[in-house]
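Novice: Input file: input.cif. Contents: mmCIF, C-alpha atoms.
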```cif
data_structure
#
loop_
_atom_site.label_atom_id
_atom_site.label_comp_id
_atom_site.auth_asym_id
_atom_site.auth_seq_id
_atom_site.Cartn_x
_atom_site.Cartn_y
_atom_site.Cartn_z
CA MET U 274 153.52 -39.43 -28.18
CA LEU U 275 151.20 -41.49 -26.03
CA ASN U 276 152.23 -44.69 -27.76
CA SER U 277 155.90 -43.95 -27.42
CA THR U 278 155.51 -43.23 -23.69
CA LEU U 279 153.72 -46.51 -23.20
CA LEU U 280 156.17 -48.37 -25.36
CA ASP U 281 158.96 -46.93 -23.23
CA THR U 282 157.11 -48.19 -20.16
CA LEU U 283 156.67 -51.60 -21.71
CA ASN U 284 160.32 -51.78 -22.67
CA LYS U 285 161.18 -50.79 -19.13
CA ALA U 286 158.86 -53.48 -17.79
CA ALA U 287 160.37 -56.04 -20.17
CA SER U 288 163.92 -55.12 -19.24
CA HIS U 289 163.09 -55.46 -15.54
CA SER U 290 161.31 -58.76 -15.95
CA PRO U 291 163.05 -61.86 -14.67
CA GLY U 292 163.42 -64.64 -17.23
CA PRO U 293 163.61 -64.65 -21.05
CA LEU U 294 160.99 -62.90 -23.15
CA LEU U 295 158.56 -65.26 -24.90
CA CYS U 296 156.51 -63.98 -27.84
CA LYS U 297 153.64 -65.35 -29.88
CA THR U 298 151.21 -63.90 -32.41
CA LEU U 299 147.61 -64.94 -31.82
CA PHE U 300 144.23 -63.67 -33.01
CA PHE U 301 140.97 -62.62 -31.48
CA HIS U 302 138.64 -62.94 -34.46
CA ASP U 303 140.06 -60.31 -36.88
CA VAL U 304 142.39 -58.58 -34.42
CA ARG U 305 146.02 -59.65 -34.34
CA ILE U 306 147.35 -59.90 -30.79
CA THR U 307 151.08 -59.85 -30.33
CA CYS U 308 151.63 -61.46 -26.94
CA GLN U 309 154.80 -61.31 -24.91
CA THR U 310 155.50 -62.70 -21.47
CA ASN U 311 158.32 -63.82 -19.25
CA HIS U 312 156.47 -66.90 -17.97
CA PRO U 313 155.91 -70.02 -20.13
CA THR U 314 152.69 -70.99 -18.33
CA ILE U 315 151.14 -67.65 -19.23
CA LEU U 316 151.94 -68.24 -22.89
CA ASP U 317 150.24 -71.67 -22.65
CA ILE U 318 147.14 -70.07 -21.11
CA LEU U 319 146.98 -67.39 -23.82
CA ASP U 320 147.44 -70.06 -26.46
CA GLU U 321 144.60 -72.07 -24.96
CA MET U 322 142.33 -69.01 -24.86
CA LEU U 323 143.13 -67.53 -28.26
CA GLY U 324 144.34 -70.55 -30.20
CA ILE U 325 140.74 -71.35 -31.22
CA TYR U 326 140.62 -68.31 -33.51
CA PRO U 327 142.01 -68.99 -36.96
CA GLU U 328 144.09 -66.40 -38.76
CA PRO U 329 141.53 -64.14 -40.48
CA LEU U 330 141.51 -63.40 -44.19
CA ARG U 331 141.56 -59.69 -43.37
CA VAL U 332 143.19 -58.33 -40.24
CA ARG U 333 141.22 -55.39 -38.90
CA GLY U 334 143.73 -54.21 -36.34
CA GLU U 335 146.61 -55.08 -34.11
CA VAL U 336 147.28 -54.86 -30.38
CA THR U 337 150.24 -55.67 -28.21
CA TYR U 338 149.54 -57.44 -24.93
CA SER U 339 152.34 -58.10 -22.46
CA ILE U 340 152.10 -60.11 -19.27
CA PHE U 341 155.07 -59.88 -16.95
CA CYS U 342 155.47 -61.71 -13.67
CA TYR U 343 157.33 -60.37 -10.65
CA ASN U 344 157.90 -61.33 -7.07
CA PRO U 345 156.79 -59.42 -5.02
CA ALA U 346 154.21 -56.93 -6.38
CA SER U 347 156.27 -53.98 -5.14
CA GLN U 348 158.59 -54.74 -8.08
CA PHE U 349 155.87 -53.97 -10.65
CA PRO U 350 157.55 -51.32 -12.83
CA VAL U 351 154.18 -49.64 -13.47
CA GLN U 352 152.06 -48.58 -10.51
CA VAL U 353 148.73 -46.76 -10.29
CA PRO U 354 149.64 -43.04 -10.34
CA PRO U 355 148.74 -40.89 -7.33
CA ASP U 356 146.58 -38.50 -9.39
CA ARG U 357 144.35 -41.32 -10.68
CA ARG U 358 140.60 -41.40 -10.47
CA CYS U 359 138.87 -44.53 -9.08
CA THR U 360 135.91 -45.27 -11.34
CA GLU U 361 134.56 -48.52 -9.96
CA ALA U 362 135.25 -51.04 -7.22
CA VAL U 363 133.79 -54.52 -7.48
CA ARG U 364 134.03 -57.75 -5.57
CA LEU U 365 134.33 -60.61 -8.04
CA LEU U 366 132.48 -63.89 -7.57
CA THR U 367 135.68 -65.33 -6.11
CA ARG U 368 135.50 -62.45 -3.56
CA THR U 369 138.63 -60.83 -4.95
CA LYS U 370 138.55 -57.01 -4.84
CA LEU U 371 139.03 -55.34 -8.22
CA LYS U 372 139.36 -51.59 -8.54
CA TYR U 373 139.21 -49.70 -11.83
CA TYR U 374 141.08 -46.42 -12.21
CA LEU U 375 141.56 -43.84 -14.93
CA SER U 376 144.64 -41.70 -15.33
CA ALA U 377 144.12 -37.96 -14.75
CA ASP U 378 144.12 -37.35 -18.52
CA TYR U 379 141.66 -40.26 -19.09
CA THR U 380 144.04 -41.99 -21.52
CA LEU U 381 144.99 -45.01 -19.43
CA GLN U 382 142.86 -47.56 -17.59
CA TYR U 383 144.11 -49.50 -14.61
CA HIS U 384 142.67 -52.73 -13.16
CA ARG U 385 144.07 -53.44 -9.71
CA TYR U 386 143.39 -56.82 -8.07
CA SER U 387 143.95 -57.35 -4.38
CA ALA U 388 145.60 -60.59 -3.36
CA LEU U 389 143.25 -63.24 -1.99
CA PRO U 390 144.80 -66.40 -0.52
CA LEU U 391 144.13 -69.60 -2.53
CA VAL U 392 142.56 -67.60 -5.38
CA ASN U 393 145.02 -64.98 -6.64
CA GLU U 394 147.95 -62.79 -5.80
CA ALA U 395 148.20 -59.07 -6.57
CA ALA U 396 147.84 -58.01 -10.20
CA LEU U 397 147.76 -54.74 -12.07
CA THR U 398 146.71 -54.24 -15.68
CA VAL U 399 147.26 -50.99 -17.54
CA ILE U 400 145.52 -50.46 -20.85
CA SER U 401 145.83 -47.74 -23.43
CA PRO U 402 142.56 -48.24 -25.36
CA HIS U 403 143.59 -45.92 -28.16
CA GLY U 404 147.23 -46.93 -28.12
CA ASN U 405 146.37 -50.63 -28.67
CA ILE U 406 148.73 -51.58 -25.87
CA GLY U 407 148.09 -53.51 -22.70
CA LEU U 408 150.30 -54.65 -19.87
CA THR U 409 149.40 -57.01 -17.05
CA GLN U 410 151.78 -57.43 -14.13
CA LEU U 411 151.29 -60.52 -12.01
CA GLU U 412 152.70 -61.44 -8.67
CA MET U 413 153.65 -65.13 -8.39
CA PRO U 414 151.36 -66.54 -11.13
CA GLU U 415 151.81 -70.10 -9.89
CA ARG U 416 149.62 -69.18 -6.93
CA TYR U 417 146.66 -68.18 -9.09
CA GLN U 418 143.65 -70.34 -9.80
CA ALA U 419 144.00 -70.83 -13.56
CA LYS U 420 140.36 -70.01 -14.25
CA PHE U 421 140.64 -66.81 -12.20
CA LEU U 422 143.58 -65.75 -14.32
CA ARG U 423 141.72 -66.54 -17.54
CA ARG U 424 138.29 -65.12 -16.67
CA TYR U 425 139.03 -62.16 -14.48
CA VAL U 426 142.46 -60.92 -15.49
CA LEU U 427 143.32 -61.87 -19.07
CA LEU U 428 139.78 -61.84 -20.45
CA ILE U 429 138.98 -58.42 -18.99
CA ALA U 430 142.21 -57.03 -20.40
CA LEU U 431 141.60 -58.54 -23.85
CA GLY U 432 138.03 -57.27 -23.80
CA GLN U 433 139.24 -53.72 -23.19
CA LEU U 434 142.04 -53.99 -25.72
CA THR U 435 139.71 -55.08 -28.52
CA ARG U 436 137.11 -52.37 -27.87
CA PRO U 437 138.68 -49.90 -30.33
CA PHE U 438 137.90 -52.44 -33.06
CA GLY U 439 134.19 -52.27 -32.30
CA PHE U 440 133.86 -55.17 -29.86
CA GLU U 441 131.63 -54.61 -26.84
CA PRO U 442 131.57 -57.16 -24.04
CA CYS U 443 128.05 -58.34 -23.20
CA HIS U 444 127.09 -60.36 -20.13
CA ALA U 445 124.91 -62.84 -22.00
CA ALA U 446 124.77 -66.33 -23.44
CA ALA U 447 124.58 -66.70 -27.22
CA ILE U 448 123.19 -69.60 -29.22
CA THR U 449 122.25 -70.30 -32.83
CA ALA U 450 119.30 -72.11 -34.40
CA PRO U 451 120.01 -75.85 -34.73
CA TRP U 452 119.27 -75.70 -38.46
CA ASP U 453 120.78 -72.31 -39.30
CA ASN U 454 123.90 -70.86 -37.76
CA GLN U 455 123.09 -67.49 -39.34
CA GLN U 456 120.28 -67.06 -36.79
CA GLY U 457 121.70 -66.18 -33.40
CA ALA U 458 119.95 -65.43 -30.10
CA LEU U 459 121.26 -63.58 -27.11
CA ILE U 460 120.06 -64.79 -23.72
CA ILE U 461 120.48 -61.85 -21.40
CA GLY U 462 120.10 -61.69 -17.64
CA ALA U 463 121.87 -61.24 -14.36
CA SER U 464 123.49 -64.13 -12.52
CA GLY U 465 120.77 -66.51 -11.35
CA SER U 466 118.30 -65.59 -14.10
CA GLY U 467 118.75 -68.99 -15.70
CA LYS U 468 120.61 -67.93 -18.83
CA THR U 469 123.33 -70.56 -18.53
CA THR U 470 120.83 -73.35 -17.83
CA LEU U 471 118.73 -72.24 -20.79
CA SER U 472 121.66 -71.90 -23.17
CA LEU U 473 123.08 -75.28 -22.21
CA GLY U 474 119.63 -76.82 -22.64
CA CYS U 475 119.53 -75.31 -26.13
CA ALA U 476 123.00 -76.72 -26.86
CA VAL U 477 121.80 -80.16 -25.75
CA ALA U 478 118.89 -79.66 -28.18
CA ARG U 479 121.43 -79.15 -31.03
CA SER U 480 121.72 -75.37 -30.96
CA GLY U 481 125.15 -73.87 -31.52
CA LEU U 482 126.66 -72.25 -28.46
CA LEU U 483 128.90 -69.19 -28.73
CA GLY U 484 129.19 -68.58 -25.00
CA ASP U 485 127.24 -69.22 -21.81
CA ASP U 486 128.00 -66.06 -19.84
CA LEU U 487 130.01 -63.54 -21.83
CA VAL U 488 130.16 -62.76 -25.53
CA MET U 489 131.31 -59.79 -27.58
CA LEU U 490 128.99 -57.79 -29.80
CA ARG U 491 130.00 -55.79 -32.84
CA ASN U 492 128.19 -53.73 -35.43
CA ASP U 493 129.47 -55.04 -38.76
CA ALA U 494 128.05 -52.84 -41.53
CA HIS U 495 124.75 -52.28 -39.67
CA LEU U 496 124.40 -55.91 -38.60
CA ILE U 497 125.09 -56.75 -34.97
CA ASN U 498 126.98 -60.00 -34.60
CA ALA U 499 127.81 -61.93 -31.46
CA TYR U 500 131.37 -63.23 -31.15
CA THR U 501 132.76 -65.90 -28.90
CA ILE U 502 135.24 -64.64 -26.34
CA MET U 503 135.48 -67.68 -24.12
CA ARG U 504 135.07 -71.35 -25.03
CA GLU U 505 134.87 -72.31 -21.37
CA VAL U 506 131.44 -72.79 -19.80
CA SER U 507 130.51 -73.33 -16.19
CA VAL U 508 127.65 -75.57 -15.16
CA ARG U 509 125.98 -75.80 -11.76
CA SER U 510 125.08 -79.24 -10.45
CA ASP U 511 121.35 -78.44 -10.48
CA SER U 512 121.59 -77.78 -14.24
CA LEU U 513 123.06 -81.25 -14.63
CA ASP U 514 119.92 -82.62 -12.95
CA LEU U 515 117.87 -81.05 -15.74
CA TRP U 516 119.97 -82.02 -18.75
CA GLN U 517 120.78 -85.72 -18.60
CA ALA U 518 123.03 -85.42 -21.65
CA LEU U 519 125.39 -83.33 -19.52
CA SER U 520 125.52 -85.71 -16.57
CA PHE U 521 129.05 -86.78 -17.60
CA LEU U 522 130.17 -83.39 -16.30
CA ARG U 523 129.61 -84.59 -12.72
CA ALA U 524 132.99 -86.25 -13.06
CA PHE U 525 134.56 -82.83 -13.65
CA PRO U 526 135.80 -81.15 -10.47
CA ALA U 527 133.54 -78.43 -9.05
CA ASP U 528 134.65 -75.18 -7.48
CA ASP U 529 133.45 -73.75 -4.16
CA ARG U 530 130.33 -72.39 -5.91
CA ASP U 531 129.42 -75.88 -7.14
CA LYS U 532 130.29 -75.03 -10.72
CA HIS U 533 131.78 -77.57 -13.09
CA TYR U 534 133.96 -76.11 -15.82
CA CYS U 535 134.28 -77.54 -19.32
CA THR U 536 134.57 -76.33 -22.90
CA ILE U 537 131.84 -75.79 -25.48
CA GLU U 538 133.47 -78.55 -27.50
CA GLU U 539 133.00 -80.97 -24.59
CA ILE U 540 129.29 -80.11 -24.40
CA ARG U 541 128.72 -80.33 -28.10
CA THR U 542 131.34 -82.08 -30.16
CA GLY U 543 132.15 -80.33 -33.41
CA ALA U 544 130.71 -76.97 -32.31
CA THR U 545 133.13 -74.61 -33.97
CA ARG U 546 130.89 -71.65 -34.71
CA ILE U 547 132.39 -68.48 -33.21
CA THR U 548 130.16 -65.74 -34.61
CA ALA U 549 126.51 -65.25 -35.61
CA PRO U 550 124.12 -62.38 -36.40
CA ILE U 551 121.61 -61.77 -33.62
CA ARG U 552 117.94 -62.25 -34.51
CA LEU U 553 116.42 -62.91 -31.07
CA LEU U 554 116.86 -61.35 -27.65
CA ILE U 555 115.63 -63.49 -24.78
CA PHE U 556 115.37 -62.14 -21.23
CA PRO U 557 114.87 -65.18 -19.00
CA SER U 558 113.82 -65.37 -15.37
CA LEU U 559 112.92 -68.28 -13.13
CA SER U 560 109.58 -68.59 -11.38
CA ALA U 561 107.69 -70.98 -9.12
CA ASP U 562 104.86 -71.14 -11.68
CA LYS U 563 103.94 -74.53 -13.09
CA GLU U 564 104.27 -73.47 -16.71
CA SER U 565 106.81 -71.36 -18.55
CA ARG U 566 105.53 -68.19 -20.21
CA LEU U 567 106.77 -66.25 -23.20
CA THR U 568 105.88 -62.56 -23.69
CA PRO U 569 106.86 -60.62 -26.83
CA LEU U 570 108.35 -57.21 -26.13
CA SER U 571 107.98 -53.99 -28.08
CA LYS U 572 111.15 -52.53 -29.54
CA VAL U 573 111.09 -49.79 -26.89
CA SER U 574 110.74 -52.30 -24.02
CA THR U 575 113.48 -54.41 -25.58
CA LEU U 576 115.86 -51.45 -25.66
CA GLN U 577 114.98 -50.50 -22.09
CA MET U 578 115.71 -54.02 -20.89
CA LEU U 579 118.95 -54.12 -22.87
CA VAL U 580 120.06 -50.82 -21.37
CA ASP U 581 119.13 -51.96 -17.86
CA GLU U 582 121.11 -55.18 -18.27
CA CYS U 583 124.06 -53.97 -20.29
CA LEU U 584 124.67 -50.30 -19.77
CA SER U 585 122.94 -48.28 -17.10
CA LYS U 586 124.82 -49.47 -14.04
CA LYS U 587 128.28 -49.38 -15.56
CA TYR U 588 130.79 -46.62 -15.43
CA MET U 589 132.11 -45.84 -18.90
CA TYR U 590 133.64 -43.00 -20.82
CA PRO U 591 130.84 -40.80 -22.20
CA GLN U 592 131.84 -41.74 -25.75
CA ALA U 593 131.79 -45.42 -24.86
CA GLN U 594 128.31 -45.07 -23.33
CA GLU U 595 127.10 -43.37 -26.49
CA ARG U 596 128.60 -46.07 -28.67
CA LEU U 597 127.10 -48.91 -26.62
CA PHE U 598 123.69 -47.19 -26.48
CA SER U 599 123.75 -46.83 -30.26
CA LEU U 600 124.70 -50.50 -30.65
CA LEU U 601 121.88 -51.60 -28.32
CA GLY U 602 119.43 -49.38 -30.23
CA THR U 603 120.43 -51.03 -33.50
CA LEU U 604 120.15 -54.43 -31.85
CA SER U 605 116.58 -53.61 -30.73
CA GLU U 606 115.69 -52.81 -34.33
CA GLN U 607 117.42 -55.91 -35.69
CA ALA U 608 116.22 -58.57 -33.26
CA ARG U 609 112.88 -59.50 -31.72
CA GLY U 610 112.76 -59.32 -27.94
CA TYR U 611 110.98 -61.74 -25.60
CA GLN U 612 110.63 -62.16 -21.88
CA LEU U 613 110.75 -65.83 -20.98
CA VAL U 614 109.60 -66.82 -17.50
CA VAL U 615 110.83 -70.36 -17.03
CA ALA U 616 109.01 -72.57 -14.55
CA ARG U 617 111.73 -73.77 -12.19
CA GLY U 618 112.68 -77.39 -12.71
CA THR U 619 111.06 -77.69 -16.14
CA THR U 620 112.85 -78.44 -19.39
CA ASP U 621 110.61 -76.66 -21.88
CA GLY U 622 112.72 -73.47 -22.13
CA PRO U 623 114.94 -74.61 -25.04
CA ARG U 624 111.93 -75.84 -27.03
CA ILE U 625 110.22 -72.46 -26.57
CA VAL U 626 113.33 -70.57 -27.63
CA GLN U 627 113.90 -72.71 -30.68
CA THR U 628 110.31 -72.19 -31.92
CA LEU U 629 111.15 -68.47 -32.18
CA PHE U 630 113.78 -68.99 -34.86
CA THR U 631 112.64 -68.63 -38.44
CA GLY U 632 112.08 -71.96 -40.11
CA SER U 633 111.03 -73.83 -36.98
CA SER U 634 108.21 -76.31 -37.40
CA MET H 63 113.85 -21.72 -26.05
CA LEU H 64 113.68 -25.10 -24.39
CA LYS H 65 116.44 -27.47 -25.18
CA ARG H 66 117.20 -31.11 -24.45
CA ASN H 67 119.97 -31.89 -22.01
CA GLY H 68 122.76 -32.68 -24.46
CA THR H 69 124.21 -35.44 -22.29
CA VAL H 70 121.00 -37.50 -22.46
CA LEU H 71 121.22 -40.32 -25.00
CA TRP H 72 118.07 -41.17 -26.90
CA ARG H 73 116.76 -43.39 -29.65
CA GLU H 74 113.44 -43.45 -31.45
CA LEU H 75 111.93 -46.86 -32.13
CA ASP H 76 108.53 -47.27 -33.79
CA GLY H 77 107.72 -43.63 -33.03
CA GLU H 78 108.54 -43.86 -29.31
CA ALA H 79 111.73 -42.65 -27.71
CA VAL H 80 113.91 -44.28 -25.10
CA LEU H 81 116.00 -41.80 -23.14
CA LEU H 82 119.05 -42.69 -21.10
CA ASP H 83 120.53 -40.34 -18.55
CA PRO H 84 124.08 -41.73 -18.44
CA ALA H 85 124.97 -39.90 -15.24
CA GLU H 86 122.10 -41.46 -13.28
CA GLY H 87 121.83 -44.71 -15.25
CA CYS H 88 118.07 -44.11 -15.61
CA THR H 89 115.99 -44.83 -18.70
CA TYR H 90 112.74 -43.12 -19.67
CA ASN H 91 110.15 -44.03 -22.24
CA LEU H 92 108.25 -41.33 -24.13
CA ASN H 93 105.01 -42.02 -25.99
CA ARG H 94 104.43 -40.68 -29.49
CA VAL H 95 103.37 -37.23 -28.31
CA GLY H 96 106.25 -37.01 -25.87
CA THR H 97 108.64 -38.14 -28.57
CA LEU H 98 107.45 -35.42 -30.95
CA ILE H 99 107.92 -32.84 -28.19
CA TRP H 100 111.35 -34.21 -27.34
CA LYS H 101 112.47 -33.97 -30.96
CA LEU H 102 111.31 -30.37 -31.18
CA ILE H 103 112.92 -29.06 -28.02
CA ASP H 104 116.11 -28.40 -29.87
CA GLY H 105 116.55 -24.75 -28.94
CA ASP H 106 115.02 -23.59 -32.21
CA HIS H 107 111.32 -24.08 -31.47
CA ALA H 108 109.17 -22.01 -29.12
CA ALA H 109 106.60 -23.83 -27.01
CA SER H 110 103.72 -22.40 -29.06
CA ASP H 111 105.33 -23.83 -32.23
CA ILE H 112 105.65 -27.22 -30.59
CA ALA H 113 102.00 -27.08 -29.44
CA SER H 114 100.98 -26.28 -32.99
CA ALA H 115 102.95 -29.25 -34.27
CA ILE H 116 101.20 -31.49 -31.74
CA CYS H 117 97.80 -30.16 -32.83
CA GLN H 118 98.64 -31.00 -36.43
CA GLU H 119 99.67 -34.57 -35.61
CA PHE H 120 97.16 -35.43 -32.88
CA GLU H 121 93.57 -34.48 -32.09
CA VAL H 122 94.09 -31.97 -29.33
CA GLU H 123 93.35 -28.28 -28.74
CA HIS H 124 96.23 -25.81 -28.63
CA GLU H 125 95.60 -24.83 -24.99
CA GLN H 126 95.40 -28.45 -23.91
CA ALA H 127 98.62 -29.21 -25.74
CA LEU H 128 100.37 -26.36 -23.91
CA GLN H 129 99.09 -27.63 -20.54
CA ASP H 130 100.22 -31.17 -21.28
CA MET H 131 103.61 -29.86 -22.37
CA GLU H 132 103.92 -27.91 -19.11
CA HIS H 133 103.39 -31.12 -17.14
CA LEU H 134 105.88 -32.99 -19.28
CA PHE H 135 108.49 -30.26 -18.96
CA ASP H 136 108.02 -30.23 -15.16
CA GLU H 137 108.77 -33.95 -15.10
CA MET H 138 111.69 -33.53 -17.45
CA ARG H 139 113.12 -30.80 -15.27
CA GLN H 140 112.78 -33.01 -12.19
CA HIS H 141 114.76 -35.69 -13.98
CA LYS H 142 117.28 -33.19 -15.39
CA LEU H 143 116.43 -34.03 -18.96
CA LEU H 144 116.36 -30.38 -20.03
CA GLN H 145 119.15 -27.88 -20.20
CA SER H 146 119.35 -26.31 -16.76
CA ASP H 147 119.37 -22.67 -17.88
CA VAL H 148 115.69 -22.80 -18.82
CA SER H 149 113.45 -22.04 -15.84
CA SER H 150 109.85 -22.02 -17.00
CA LEU H 151 107.61 -22.60 -19.96
CA ASN H 152 106.11 -19.12 -19.35
CA THR H 153 109.33 -17.50 -20.39
CA ILE H 154 109.19 -18.94 -23.85
CA VAL H 155 105.50 -19.01 -24.79
#
```
Could you quickly redo this structure as structure tokens?
Specialist:
Amino acid sequence: MLNSTLLDTLNKAASHSPGPLLCKTLFFHDVRITCQTNHPTILDILDEMLGIYPEPLRVRGEVTYSIFCYNPASQFPVQVPPDRRCTEAVRLLTRTKLKYYLSADYTLQYHRYSALPLVNEAALTVISPHGNIGLTQLEMPERYQAKFLRRYVLLIALGQLTRPFGFEPCHAAAITAPWDNQQGALIIGASGSGKTTLSLGCAVARSGLLGDDLVMLRNDAHLINAYTIMREVSVRSDSLDLWQALSFLRAFPADDRDKHYCTIEEIRTGATRITAPIRLLIFPSLSADKESRLTPLSKVSTLQMLVDECLSKKYMYPQAQERLFSLLGTLSEQARGYQLVVARGTTDGPRIVQTLFTGSS
Amino acid sequence: MLKRNGTVLWRELDGEAVLLDPAEGCTYNLNRVGTLIWKLIDGDHAASDIASAICQEFEVEHEQALQDMEHLFDEMRQHKLLQSDVSSLNTIV
């Protein structure tokens, strides 16, 4: 019933969309994503984001994701209903306002983006997590910053759409041991904690890199694996001062937050790893001390830090909270936790992290 | 009988429990004694039974165990970790 209502809505949206309908089947790891849009540029962006995932041997599930473009936003066939419930309002790093809503019966999620000149126009995503259907409506996509569209609109929608298949988004970097891509480490911390600098330093020191800021986690038969969701990384200029091997990125244009954007492949040629089991959990912070310090954490402290970073401040459905708490508990049992206080301006962080992997000399 | 607040998520790791109150976003850490008490406040155990269980596991007198439990329950009530229809330990001893 729910699916048919949404499908009707989608068909309505498709029939009202200007331009021909373009379709492509892509994958996010083992989830098949049937994409449809009325804008060729959007299809290119989706292809760029999802084209890195090969067709899996076994498809675990299927979702339909439609992106339709209209001008102006008042023509969006689907609007946030009046009896909705606002669950969260955030200001993104670009300063765009994003509001999350739930339908009165809790079955649909809405992500509404306010227009911000030079960054984005209005957008509205509606997701049926249990119906495996998502729809994003965009106003004048040519006026969007491409990375805004990728990171804040499409990625968030895809993250929500793949949740029913066990994926949980995690604000963390993920690396692997240079000598064993079956040993993964999550580097977890808020913006400014040094996780990107540390993960890129590890990549320079031959670690695999699954993501520098956001990865997906999934419990696969009692083993928590990290999965790449985004091959794009962003590097601040001061990180380039630390890692000489990345100095070529100075030639890449920087945004207004002094971040240079590139791909994992550009940082480490041939890095194709997109999943790894997690064996280490690193919680970095920067300090004015002269030397970096590593402190092992008990399992209880590890779980508390994981919950603080990943769960406690977020609004979620009660069932989703329970599921994520269970996943973090399993992760605390599976992986060893460490607090790493990195002396600002030093380059010893990656060496310290890599000595924690099994088999290090 | 005392009972845990059913909305509180918890996990035992190495004998110690981490509690998460999803509504408040707060986490709590219980030591081994607190974890044993937490596991037994399931609505089926009276406080005296729980105190006896503590005395069996740890070196403590029954009266002392009851006093310590009273303090813990006070804190748990403050943080809404217990079911709200239970008012006092005295009612169930």
Novice: If the cut-off is 9 Å, can you tell me the residues of chain H near chain U, counting all atoms listed in the file? I'd like them as a list in words.
Specialist: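 Close enough to count are Thr69, Leu71, Trp72, Arg73, Glu74, Leu75, Asp76, Glu78, Ala79, Val80, Leu81, Leu82, Asp83, Pro84, Ala85, Glu86, Gly87, Cys88, Thr89, Tyr90 and Asn91 of chain H.
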Novice: Generate the output file for the selected residues, C-alpha atoms, as a short mmCIF file (atom, residue, chain, number, x, y, z; two decimals), in the frame of the given file.
Specialist:
```
data_model
loop_
_atom_site.label_atom_id
_atom_site.label_comp_id
_atom_site.auth_asym_id
_atom_site.auth_seq_id
_atom_site.Cartn_x
_atom_site.Cartn_y
_atom_site.Cartn_z
CA THR H 69 124.21 -35.44 -22.29
CA LEU H 71 121.22 -40.32 -25.00
CA TRP H 72 118.07 -41.17 -26.90
CA ARG H 73 116.76 -43.39 -29.65
CA GLU H 74 113.44 -43.45 -31.45
CA LEU H 75 111.93 -46.86 -32.13
CA ASP H 76 108.53 -47.27 -33.79
CA GLU H 78 108.54 -43.86 -29.31
CA ALA H 79 111.73 -42.65 -27.71
CA VAL H 80 113.91 -44.28 -25.10
CA LEU H 81 116.00 -41.80 -23.14
CA LEU H 82 119.05 -42.69 -21.10
CA ASP H 83 120.53 -40.34 -18.55
CA PRO H 84 124.08 -41.73 -18.44
CA ALA H 85 124.97 -39.90 -15.24
CA GLU H 86 122.10 -41.46 -13.28
CA GLY H 87 121.83 -44.71 -15.25
CA CYS H 88 118.07 -44.11 -15.61
CA THR H 89 115.99 -44.83 -18.70
CA TYR H 90 112.74 -43.12 -19.67
CA ASN H 91 110.15 -44.03 -22.24
#
```
Novice: Tell me which of U:Leu513, U:Ala458, U:Ala494, U:Val332 sits closest to Leu473 (chain U), counting all atoms listed in the file.
Specialist: U:Leu513
Novice: Just checking: using only C-alpha atoms, which residue out of U:Arg423, U:Arg331, U:Arg546, U:Arg436 ends up closest to Gly484 (chain U)?
Specialist: U:Arg546
Novice: Write out as a PyMOL selection string each polymer residue whose atoms come within 9 Å of Phe630 (chain U), counting all atoms listed in the file; drop sequence neighbours fewer than 2 positions from it.
Specialist: chain U and resi 449-450+453+456-458+552-553+626-628+632-633
Novice: Let me make sure I understand: among H:Val95, H:Met63, H:Leu144, H:Leu134, which one has the smallest atom-to-atom distance to Ile116 (chain H) if we use only C-alpha atoms?
Specialist: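 For Ile116 (chain H), the nearest of the given residues is H:Val95.
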Novice: As a check of understanding, name the residues that the PyMOL selection byres ((chain H and resi 96-112) around 12) selects in the supplied structure, as a VMD selection string.
Specialist: chain H and resid 63 to 68 70 to 81 90 to 95 113 to 120 123 to 135 137 to 138 143 to 145 147 to 148 150 to 155
Novice: Run through the PyMOL selection byres ((chain U and resi 348) around 10) on the given coordinates and return the selected residues as a CSV table (one decimal) with C-alpha atoms, keeping the file's coordinate frame.
Specialist:
```csv
chain,number,residue,atom,x,y,z
U,286,ALA,CA,158.9,-53.5,-17.8
U,289,HIS,CA,163.1,-55.5,-15.5
U,290,SER,CA,161.3,-58.8,-16.0
U,342,CYS,CA,155.5,-61.7,-13.7
U,343,TYR,CA,157.3,-60.4,-10.6
U,344,ASN,CA,157.9,-61.3,-7.1
U,345,PRO,CA,156.8,-59.4,-5.0
U,346,ALA,CA,154.2,-56.9,-6.4
U,347,SER,CA,156.3,-54.0,-5.1
U,349,PHE,CA,155.9,-54.0,-10.6
U,350,PRO,CA,157.6,-51.3,-12.8
U,351,VAL,CA,154.2,-49.6,-13.5
U,352,GLN,CA,152.1,-48.6,-10.5
U,410,GLN,CA,151.8,-57.4,-14.1
U,412,GLU,CA,152.7,-61.4,-8.7
```
Novice: Carefully work through the PyMOL selection byres ((chain U and resi 399) around 8) for this structure and note down the residues it includes, as a PyMOL selection string.
Specialist: chain U and resi 381-384+397-398+400-401+407-409
Novice: Please define a box with edges along x, y and z of the file around all atoms of region 133-146 of chain H given in the file, extend it by 5 Å on each side, and return its centre and edge lengths in Å to one decimal, as lines of an AutoDock Vina configuration file.
Specialist:
```
center_x = 111.4
center_y = -31.0
center_z = -16.2
size_x = 26.0
size_y = 19.4
size_z = 18.0
```
Novice: Give me, please, the distance in Å between CA of Thr575 (chain U) and CA of His444 (chain U), quoted to one decimal.
Specialist: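 Computed distance, CA of Thr575 (chain U) to CA of His444 (chain U), equals 15.8 Å.
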Novice: Mind checking which residues fall within 12 Å of Phe521 (chain U), counting only C-alpha atoms, ignoring those fewer than 6 positions away in the same chain, and posting them as a PyMOL selection string?
Specialist: chain U and resi 508+510+513-514+533-535+539-540
